[in-house]
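Single-structure report; data block below.
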There are 6 protein chains.
Amino acid sequence: MRLSIKIGGHVLYEADGLVLGRLRSYAVVLKKLYWMGHGLSVVVGGGPPARWFIEAARKLGCPEAVCDELGIQVSRLNATLLVSLLGEAAYPAVPLSYAEAKPALSSERIVICGGFQPGQSTVAAAAVMAELMRADLLVVATDVDGVYTADPKKHPEAKKIPRLSYRDLEDLMARGEAEAGTFKLFDLVAVKILERARIPTVVVDGRDPAVLYKVIEGQDVGSRIEP
Amino acid sequence: MRLSIKIGGHVLYEADGLVLGRLRSYAVVLKKLYWMGHGLSVVVGGGPPARWFIEAARKLGCPEAVCDELGIQVSRLNATLLVSLLGEAAYPAVPLSYAEAKPALSSERIVICGGFQPGQSTVAAAAVMAELMRADLLVVATDVDGVYTADPKKHPEAKKIPRLSYRDLEDLMARGEAEAGTFKLFDLVAVKILERARIPTVVVDGRDPAVLYKVIEGQDVGSRIEP
Amino acid sequence: MRLSIKIGGHVLYEADGLVLGRLRSYAVVLKKLYWMGHGLSVVVGGGPPARWFIEAARKLGCPEAVCDELGIQVSRLNATLLVSLLGEAAYPAVPLSYAEAKPALSSERIVICGGFQPGQSTVAAAAVMAELMRADLLVVATDVDGVYTADPKKHPEAKKIPRLSYRDLEDLMARGEAEAGTFKLFDLVAVKILERARIPTVVVDGRDPAVLYKVIEGQDVGSRIEP
Amino acid sequence: MRLSIKIGGHVLYEADGLVLGRLRSYAVVLKKLYWMGHGLSVVVGGGPPARWFIEAARKLGCPEAVCDELGIQVSRLNATLLVSLLGEAAYPAVPLSYAEAKPALSSERIVICGGFQPGQSTVAAAAVMAELMRADLLVVATDVDGVYTADPKKHPEAKKIPRLSYRDLEDLMARGEAEAGTFKLFDLVAVKILERARIPTVVVDGRDPAVLYKVIEGQDVGSRIEP
Amino acid sequence: MRLSIKIGGHVLYEADGLVLGRLRSYAVVLKKLYWMGHGLSVVVGGGPPARWFIEAARKLGCPEAVCDELGIQVSRLNATLLVSLLGEAAYPAVPLSYAEAKPALSSERIVICGGFQPGQSTVAAAAVMAELMRADLLVVATDVDGVYTADPKKHPEAKKIPRLSYRDLEDLMARGEAEAGTFKLFDLVAVKILERARIPTVVVDGRDPAVLYKVIEGQDVGSRIEP
Amino acid sequence: MRLSIKIGGHVLYEADGLVLGRLRSYAVVLKKLYWMGHGLSVVVGGGPPARWFIEAARKLGCPEAVCDELGIQVSRLNATLLVSLLGEAAYPAVPLSYAEAKPALSSERIVICGGFQPGQSTVAAAAVMAELMRADLLVVATDVDGVYTADPKKHPEAKKIPRLSYRDLEDLMARGEAEAGTFKLFDLVAVKILERARIPTVVVDGRDPAVLYKVIEGQDVGSRIEP
């Protein structure tokens with residue numbers, strides 16, 4: 001199976017910093033899946049240290065494109081750590097562009113990326129990677145276990161939507177419910193890319209890396225978005 | 001004044017191919033503005049030859065990311081022509097990434113780009129360029145003379161909206177009126193980038209390159225979108 | 001067997017555009033040869049769309065180096081399509097220089113290139129590739145089935161020369177018979193490179209991609225030029 | 001005057017994070033010196049966030065070369081912030097290698113770098129930059145106001161050495177007084193480079209960026225090391 | 001005036017090695033011309049050390065493309081020396097490709113190159129540079145003072161041809177008089193490039209760098225080849 | 001076993017030039033070890049031709065950073081020759097930076113490098129390569145058969161130290177015995193890198209390439225330096 005995985009930066013961090021054990025578990029799980037023969041690429045987010053640098057940049061009056069760039073650079077720090085933990089299973093460099101990602105993908109190792117360029121979300125990056133690698137599935141590993149009708153942290157009555165279409169997702173997004181749940185994870189570009197490439201997405205709670213096994217086995221976890 | 005300009009590929013082409021005179025006029029107008037001291041960067045679209053290659057690719061079953069890439073490569077062909085016509089006034093190479101665009105921008109010449117990467121519209125590219133160069137204005141040169149309430153080619157009763165906010169534009173886009181007029185030009189990413197960077201946009205009929213003079217002089221042309 | 005193949009751009013196109021079926025056949029034939037264990041690299045020409053852009057550039061007064069560059073960029077568009085059709089059998093990127101071609105060649109996949117730089121014919125590019133990959137043979141796939149004593153399209157009495165030496169070819173070229181047949185395909189640089197590398201060339205009618213099977217089997221097709 | 005300046009990462013940070021005011025002051029001072037006509041390049045260190053990532057990497061068992069790389073990447077984050085604050089006065093990109101630094105230096109703007117490669121201290125990087133730009137002086141801005149006979153933080157009786165030779169410095173370093181003061185800042189490679197290039201160094205307390213004015217005016221600040 | 005200059009490697013060397021004084025004179029002359037406002041680019045050859053490495057490579061059985069590459073690398077060593085002597089007047093890096101040469105040319109400094117790629121003579125490289133920079137003239141500085149009817153070192157009766165056309169040159173070359181004089185300097189590719197770009201060439205004795213002043217002043221030196 | 005090998009430039013040359021037979025033997029030995037399954041990377045020095053160019057540069061007054069660069073470029077010439085002799089066993093390009101070395105290392109071929117950047121010895125470069133490839137051992141192939149208490153060429157009574165620690169080596173170096181033996185080979189940076197990475201070093205007489213077999217078999221040759 002060919003998976004493009006987006007690991008949210010906030011999944012790797014908690015209040016007191018990088019959750020080393022979780023990063024290690026991701027390395028273990030990814031290596032196992034790799035040796036089982038699955039094709040894998042991962043886009044890692046920036047998480048709190050990215051936010052921290054971006055806030056400093058904003059206070060200093062830097063333009064948003066610079067903030068994006070700082071976020072991208074931090075996401076690559078996280079990616080560098082993951083590459084190192086994966087050892088031989090990983091392509092040894094973090095690709096800085098799609099042009100660099102293509103030979104990496106063809107190396108038949110796990111390709112670990114951070115963000116690619118200003119004005120693009122890491123989900124959109126993972127969507128393009130999915131397309132380039134002709135993935136069977138995009139996995140979005142975040143800190144909620146699926147797409148909800150509203151933000152479950154604020155609205156305890158919000159309901160998880162176990163299965164929806166990209167069109168449904170666009171509708172949810174278009175309803176302007178910017179406050180609402182995890183479809184905030186998506187930007188329209190990502191949705192359009194996945195829809196046109198006809199690649200389904202699964203949104204899962206990535207705080208337990210073992211969820212990737214369940215995804216591979218086709219278990220019903222999180223929410224599944226279909227083209 | 002610092003301008004990021006997006007010239008739609010279809011503005012440079014008509015049924016029987018590249019409109020040489022129009023491309024030449026763009027070179028003349030841009031050079032004049034440059035020698036007057038304005039800071040300029042241009043993102044050129046792909047136009048009909050891009051569409052032609054993309055259609056062939058689709059028929060061959062290539063993934064959409066490859067189609068995007070072909071479109072980008074063709075837009076760079078158009079950009080190469082424009083660079084050549086601008087002579088000393090232009091930065092001599094077409095930047096292939098934002099990393100390459102930054103030193104180009106600092107050369108204080110006109111920077112001519114095509115698209116940058118799969119999954120990103122050329123308007124979004126021009127928006128990021130606007131942010132990187134700290135532009136005063138994004139000019140979208142297309143084949144309609146502004147943002148309309150509906151597609152003026154189909155709905156003769158559609159009205160031009162001379163002035164609107166990015167929020168208005170988002171609403172128009174969200175109303176799902178995908179059929180409607182020139183706000184189709186925009187994707188949400190571009191709108192978000194411009195909004196956060198607080199850079200206004202002017203949408204003009206670019207079939208007459210001299211419209212750029214009017215824009216610089218602050219005349220009321222096309223539609224103006226404000227942050 | 002190790003083959004460097006030059007596919008003329010005009011082989012892939014006919015009056016009404018790209019011959020999709022032929023491009024598909026090339027992909028099928030190349031993949032088959034690849035899985036049989038042959039080492040393959042291909043330089044694709046630009047064909048009619050290249051000519052079209054170059055003519056526009058000439059009318060606009062662009063220098064010839066720019067025209068060459070446009071031709072190279074279009075040849076890379078064709079190469080991008082072929083890469084996409086070859087899937088896993090191809091190195092996933094189109095090398096832009098010999099420096100990039102070398103790691104590509106060592107990936108043990110089919111390497112697909114367009115032209116490399118201004119002032120160099122695509123045959124000369126394929127000759128250098130032949131040398132770099134230590135090819136057993138250069139195959140020139142064009143729209144005539146060999147080297148003729150004169151241009152067979154104009155001189156029906158012209159005779160195919162089934163076997164000649166590079167020195168013979170140089171003589172034909174030096175006789176100034178610029179009007180004459182397919183040795184027009186060669187520039188002196190290409191001939192010198194092949195001669196010094198002692199790599200024979202076969203000139204074949206590439207409109208039927210299956211001709212490559214015959215070449216591999218050592219059948220007598222087209223004309224063979226020996227060091 | 002031509003200055004290569006090394007700003008220690010810890011100069012830009014205090015317990016509660018980046019000292020925004022100090023970074024802003026550096027931008028102001030550097031811009032002023034730039035407009036006065038001085039040639040400037042800066043190597044910024046990583047500081048606490050670098051240490052933080054490196055510690056995480058060590059706990060995860062990453063090799064030291066990876067730790068170095070993380071430190072370099074963080075130093076480039078700091079450099080990116082400084083570039084952004086300097087606006088037009090700065091070369092717009094952070095060079096990633098000496099090859100990239102050379103055209104940057106010739107742009108006649110302030111060049112801001114982070115570290116360059118594993119196994120090289122940022123002082124050594126600033127020393128090579130000094131040599132490449134043919135600097136008159138290397139300025140090491142740190143949190144002690146000069147070279148001391150011992151670590152002044154631990155040995156209040158330690159004395160500042162206002163003037164010494166590179167040979168003296170080497171002796172101090174060779175005496176194995178690894179615990180001792182600010183000559184810890186230097187590695188032998190840096191000393192050798194500066195000595196052979198005959199470029200003097202001034203070690204100053206960089207917590208007040210205005211110290212750079214005093215250095216330029218030739219005032220007696222910190223310690224001066226002569227070839 | 002805009003000049004592309006080819007300095008033969010053997011012009012810089014004599015039996016006992018690099019002629020330091022001559023290299024220094026070239027630096028002086030080029031700087032003077034630069035400060036007078038002339039636009040200059042130089043392609044330097046490899047000379048004896050190139051030949052030395054190439055011979056070793058041949059004895060080791062390396063393919064000719066590797067020999068070419070060694071020659072190119074040595075020519076870049078010579079170019080690096082010249083860049084260093086030119087100081088601020090030179091673009092600080094030796095471009096490795098035409099893509100790198102273009103921004104270098106637009107820096108308005110003297111651009112110093114070695115060879116570019118296997119299978120291309122340094123005269124052809126200088127011809128493409130001439131085209132890219134829209135030179136008024138290509139100067140070939142060699143160790144004979146013009147184009148002769150035969151090799152003047154072997155045939156004392158050979159006559160210098162003070163003025164000829166590219167077509168004449170091609171005829172001389174085509175007459176197969178491979179043994180003959182300095183038109184051996186040219187390959188057909190170079191001639192074709194210069195002819196199509198309508199850039200004349202002057203072949204001069206470069207052992208006295210001051211000859212460049214005479215060329216600039218339009219004096220009758222060496223041989224002049226006209227389109 | 002994973003080996004990082006440093007072959008001193010002077011090992012490959014004798015008075016009358018490159019010792020072709022020795023270079024060929026290195027190719028044979030390395031290929032054998034490679035096919036036996038060992039992981040290998042090699043950093044080659046510049047040797048006499050480097051010294052020759054550097055001396056010319058010094059006489060011309062070039063800064064030391066330029067001299068370093070010339071030395072690096074020459075070391076890459078030697079590396080290019082070795083790559084060519086290794087054929088399929090070698091990664092086909094000489095990496096110019098650690099960023100380029102990482103994908104090369106992951107290609108599972110022998111990686112051949114020259115120096116990387118000014119101010120860094122080739123031993124330090126080989127030490128970083130050792131760390132990047134997680135080598136079991138660094139082999140320094142030089143023209144003395146180990147670390148001596150003093151320079152054995154000058155002090156016939158000097159004794160070989162068959163086994164020492166990095167700390168011992170530092171002490172030897174710190175004793176200022178700059179005149180002394182082969183620990184001159186090391187700079188402190190290299191020692192620190194190897195110490196922190198806990199990679200032992202073996203210093204051997206590299207004039208007989210077969211010594212590498214003995215090293216692999218764990219025979220007692222040269223001197224062994226332990227973390």
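Convention: chains lettered A, B, ... in structure tokens order; per-chain residue numbering from 1; ligands numbered from 1 as shown.
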Secondary structure check, strand (DSSP E or B) residues of stretch 27-194 of chain D, as an MDAnalysis selection string: chainID D and resid 39:44 90 110:113 137:142 148 160 163:165
May I have the residues from that selection written out with C-alpha atoms, as a PDB file, in the first residue's frame?
ATOM      1  CA  GLY D  39      31.275  46.190   4.137  1.00  0.00           C
ATOM      2  CA  LEU D  40      29.600  43.738   6.493  1.00  0.00           C
ATOM      3  CA  SER D  41      28.948  40.054   6.826  1.00  0.00           C
ATOM      4  CA  VAL D  42      27.468  38.368   9.870  1.00  0.00           C
ATOM      5  CA  VAL D  43      27.446  34.789  11.098  1.00  0.00           C
ATOM      6  CA  VAL D  44      24.741  34.238  13.700  1.00  0.00           C
ATOM      7  CA  ALA D  90      20.657  42.724   3.494  1.00  0.00           C
ATOM      8  CA  ILE D 110      25.054  42.851   4.307  1.00  0.00           C
ATOM      9  CA  VAL D 111      25.368  39.078   4.094  1.00  0.00           C
ATOM     10  CA  ILE D 112      23.772  37.176   6.979  1.00  0.00           C
ATOM     11  CA  CYS D 113      24.699  33.521   7.476  1.00  0.00           C
ATOM     12  CA  LEU D 137      38.677  42.711  11.199  1.00  0.00           C
ATOM     13  CA  LEU D 138      36.731  39.852  12.681  1.00  0.00           C
ATOM     14  CA  VAL D 139      34.417  40.924  15.503  1.00  0.00           C
ATOM     15  CA  VAL D 140      33.300  38.235  17.931  1.00  0.00           C
ATOM     16  CA  ALA D 141      30.231  39.494  19.787  1.00  0.00           C
ATOM     17  CA  THR D 142      29.718  37.336  22.841  1.00  0.00           C
ATOM     18  CA  TYR D 148      40.279  36.512  30.098  1.00  0.00           C
ATOM     19  CA  LYS D 160      41.028  40.563  30.874  1.00  0.00           C
ATOM     20  CA  ARG D 163      45.751  42.659  23.528  1.00  0.00           C
ATOM     21  CA  LEU D 164      47.300  39.353  22.554  1.00  0.00           C
ATOM     22  CA  SER D 165      48.628  37.517  19.521  1.00  0.00           C
TER      23      SER D 165
END
Residues of chain E within 9 Å of chain D, using only C-alpha atoms, as a JSON list (two decimals) with N, CA and C atoms, in the first residue's frame?
[["chain", "number", "residue", "atom", "x", "y", "z"],
["E", 88, "GLU", "N", 37.39, 42.99, -7.17],
["E", 88, "GLU", "CA", 36.01, 43.49, -7.27],
["E", 88, "GLU", "C", 35.51, 43.60, -8.71],
["E", 91, "TYR", "N", 33.01, 38.95, -11.35],
["E", 91, "TYR", "CA", 31.96, 38.19, -10.68],
["E", 91, "TYR", "C", 32.68, 37.13, -9.85],
["E", 92, "PRO", "N", 32.31, 36.96, -8.57],
["E", 92, "PRO", "CA", 33.18, 36.21, -7.67],
["E", 92, "PRO", "C", 33.19, 34.69, -7.84],
["E", 93, "ALA", "N", 32.29, 34.16, -8.64],
["E", 93, "ALA", "CA", 32.27, 32.71, -8.80],
["E", 93, "ALA", "C", 32.46, 32.35, -10.27],
["E", 104, "ALA", "N", 25.28, 35.91, -13.67],
["E", 104, "ALA", "CA", 26.63, 36.47, -13.54],
["E", 104, "ALA", "C", 26.80, 37.62, -14.54],
["E", 107, "SER", "N", 25.35, 40.84, -13.60],
["E", 107, "SER", "CA", 25.92, 41.52, -12.44],
["E", 107, "SER", "C", 26.78, 42.71, -12.87]]
Contact residues around D:Met36 with only C-alpha atoms at 12 Å, ignoring same-chain residues under 4 positions, as a ChimeraX atom specification: /D:1-2,29-32,40,89,213,216
Picked from stretch 4-197 of chain B by DSSP as alpha helix (DSSP H), as a PyMOL selection string: chain B and resi 9-12+20-35+47-59+64-86+98-105+122-132+166-174+188-197
So that I have them on file, write out the residues from the current selection with C-alpha atoms, as an mmCIF file, in the first residue's frame.
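And here is the file that came out, out-v2.cif:
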data_model
loop_
_atom_site.group_PDB
_atom_site.id
_atom_site.type_symbol
_atom_site.label_atom_id
_atom_site.label_comp_id
_atom_site.auth_asym_id
_atom_site.auth_seq_id
_atom_site.Cartn_x
_atom_site.Cartn_y
_atom_site.Cartn_z
ATOM 1 C CA GLY B 9 -1.520 33.165 -20.332
ATOM 2 C CA HIS B 10 -4.726 33.579 -22.349
ATOM 3 C CA VAL B 11 -4.070 37.340 -22.486
ATOM 4 C CA LEU B 12 -0.967 36.666 -24.579
ATOM 5 C CA LEU B 20 3.403 39.043 -30.787
ATOM 6 C CA GLY B 21 2.388 42.692 -30.771
ATOM 7 C CA ARG B 22 0.843 42.409 -27.341
ATOM 8 C CA LEU B 23 3.868 40.695 -25.879
ATOM 9 C CA ARG B 24 6.034 43.435 -27.388
ATOM 10 C CA SER B 25 3.766 46.093 -25.902
ATOM 11 C CA TYR B 26 4.063 44.494 -22.488
ATOM 12 C CA ALA B 27 7.831 44.664 -22.840
ATOM 13 C CA VAL B 28 7.637 48.346 -23.772
ATOM 14 C CA VAL B 29 5.272 49.261 -20.950
ATOM 15 C CA LEU B 30 7.204 47.290 -18.330
ATOM 16 C CA LYS B 31 10.502 48.821 -19.404
ATOM 17 C CA LYS B 32 9.041 52.323 -19.199
ATOM 18 C CA LEU B 33 7.679 51.705 -15.733
ATOM 19 C CA TYR B 34 10.993 50.218 -14.727
ATOM 20 C CA TRP B 35 13.000 53.214 -15.892
ATOM 21 C CA GLY B 47 -2.237 29.911 -21.878
ATOM 22 C CA PRO B 48 -3.346 27.690 -24.769
ATOM 23 C CA PRO B 49 -0.080 25.745 -25.309
ATOM 24 C CA ALA B 50 -0.211 24.765 -21.650
ATOM 25 C CA ARG B 51 -3.780 23.603 -22.090
ATOM 26 C CA TRP B 52 -2.739 21.704 -25.168
ATOM 27 C CA PHE B 53 0.028 19.768 -23.397
ATOM 28 C CA ILE B 54 -2.163 19.173 -20.352
ATOM 29 C CA GLU B 55 -4.910 17.714 -22.505
ATOM 30 C CA ALA B 56 -2.452 15.362 -24.161
ATOM 31 C CA ALA B 57 -1.175 14.347 -20.728
ATOM 32 C CA ARG B 58 -4.706 13.686 -19.473
ATOM 33 C CA LYS B 59 -5.484 11.531 -22.491
ATOM 34 C CA GLU B 64 -2.657 15.746 -12.320
ATOM 35 C CA ALA B 65 0.631 16.689 -10.675
ATOM 36 C CA VAL B 66 2.340 15.974 -13.986
ATOM 37 C CA CYS B 67 -0.264 18.090 -15.778
ATOM 38 C CA ASP B 68 0.469 20.938 -13.389
ATOM 39 C CA GLU B 69 4.137 20.556 -14.058
ATOM 40 C CA LEU B 70 3.647 20.715 -17.812
ATOM 41 C CA GLY B 71 1.587 23.862 -17.314
ATOM 42 C CA ILE B 72 4.372 25.362 -15.223
ATOM 43 C CA GLN B 73 6.987 24.496 -17.819
ATOM 44 C CA VAL B 74 4.952 26.136 -20.561
ATOM 45 C CA SER B 75 4.414 29.243 -18.435
ATOM 46 C CA ARG B 76 8.202 29.446 -18.166
ATOM 47 C CA LEU B 77 8.475 29.342 -21.946
ATOM 48 C CA ASN B 78 6.282 32.438 -22.076
ATOM 49 C CA ALA B 79 8.358 33.978 -19.289
ATOM 50 C CA THR B 80 11.571 33.266 -21.199
ATOM 51 C CA LEU B 81 10.241 35.167 -24.188
ATOM 52 C CA LEU B 82 9.327 38.153 -22.046
ATOM 53 C CA VAL B 83 12.727 38.141 -20.317
ATOM 54 C CA SER B 84 14.401 38.224 -23.704
ATOM 55 C CA LEU B 85 12.308 41.175 -24.885
ATOM 56 C CA LEU B 86 13.035 43.162 -21.726
ATOM 57 C CA TYR B 98 10.919 31.354 -4.129
ATOM 58 C CA ALA B 99 14.452 30.671 -2.961
ATOM 59 C CA GLU B 100 15.662 31.675 -6.420
ATOM 60 C CA ALA B 101 13.205 34.555 -6.621
ATOM 61 C CA LYS B 102 14.590 36.320 -3.570
ATOM 62 C CA PRO B 103 18.050 37.162 -4.902
ATOM 63 C CA ALA B 104 16.401 37.983 -8.233
ATOM 64 C CA LEU B 105 14.112 40.490 -6.516
ATOM 65 C CA THR B 122 -0.355 31.416 -10.816
ATOM 66 C CA VAL B 123 -2.429 33.997 -8.927
ATOM 67 C CA ALA B 124 -1.311 32.434 -5.655
ATOM 68 C CA ALA B 125 2.257 32.517 -6.964
ATOM 69 C CA ALA B 126 1.908 36.209 -7.782
ATOM 70 C CA ALA B 127 0.442 36.776 -4.310
ATOM 71 C CA VAL B 128 3.479 35.214 -2.624
ATOM 72 C CA MET B 129 5.765 37.245 -4.892
ATOM 73 C CA ALA B 130 3.804 40.347 -3.841
ATOM 74 C CA GLU B 131 4.474 39.481 -0.237
ATOM 75 C CA LEU B 132 8.159 38.720 -0.783
ATOM 76 C CA TYR B 166 -11.198 40.209 0.316
ATOM 77 C CA ARG B 167 -13.951 39.063 2.634
ATOM 78 C CA ASP B 168 -16.538 39.967 -0.036
ATOM 79 C CA LEU B 169 -14.519 38.036 -2.557
ATOM 80 C CA GLU B 170 -14.382 34.998 -0.311
ATOM 81 C CA ASP B 171 -18.164 35.208 0.112
ATOM 82 C CA LEU B 172 -18.642 35.324 -3.638
ATOM 83 C CA MET B 173 -16.375 32.327 -3.979
ATOM 84 C CA ALA B 174 -18.029 30.460 -1.107
ATOM 85 C CA LEU B 188 -8.680 30.837 -1.547
ATOM 86 C CA VAL B 189 -4.970 30.527 -0.844
ATOM 87 C CA ALA B 190 -4.243 33.620 -2.912
ATOM 88 C CA VAL B 191 -6.990 35.544 -1.136
ATOM 89 C CA LYS B 192 -5.733 34.523 2.300
ATOM 90 C CA ILE B 193 -2.153 35.477 1.441
ATOM 91 C CA LEU B 194 -3.153 38.905 0.166
ATOM 92 C CA GLU B 195 -5.485 39.512 3.053
ATOM 93 C CA ARG B 196 -2.908 38.676 5.690
ATOM 94 C CA ALA B 197 -0.243 40.717 3.882
#
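You will find atom CA of E:Leu3 at 19.6 Å from atom CA of E:Pro162.
Our summary of the geometry notes that atom CA of F:Ser4 is positioned 26.3 Å from atom CA of F:Lys159.
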For atom CA of E:Asp205 and atom CA of E:Pro227, the interatomic separation in Å (one decimal): 21.3 Å
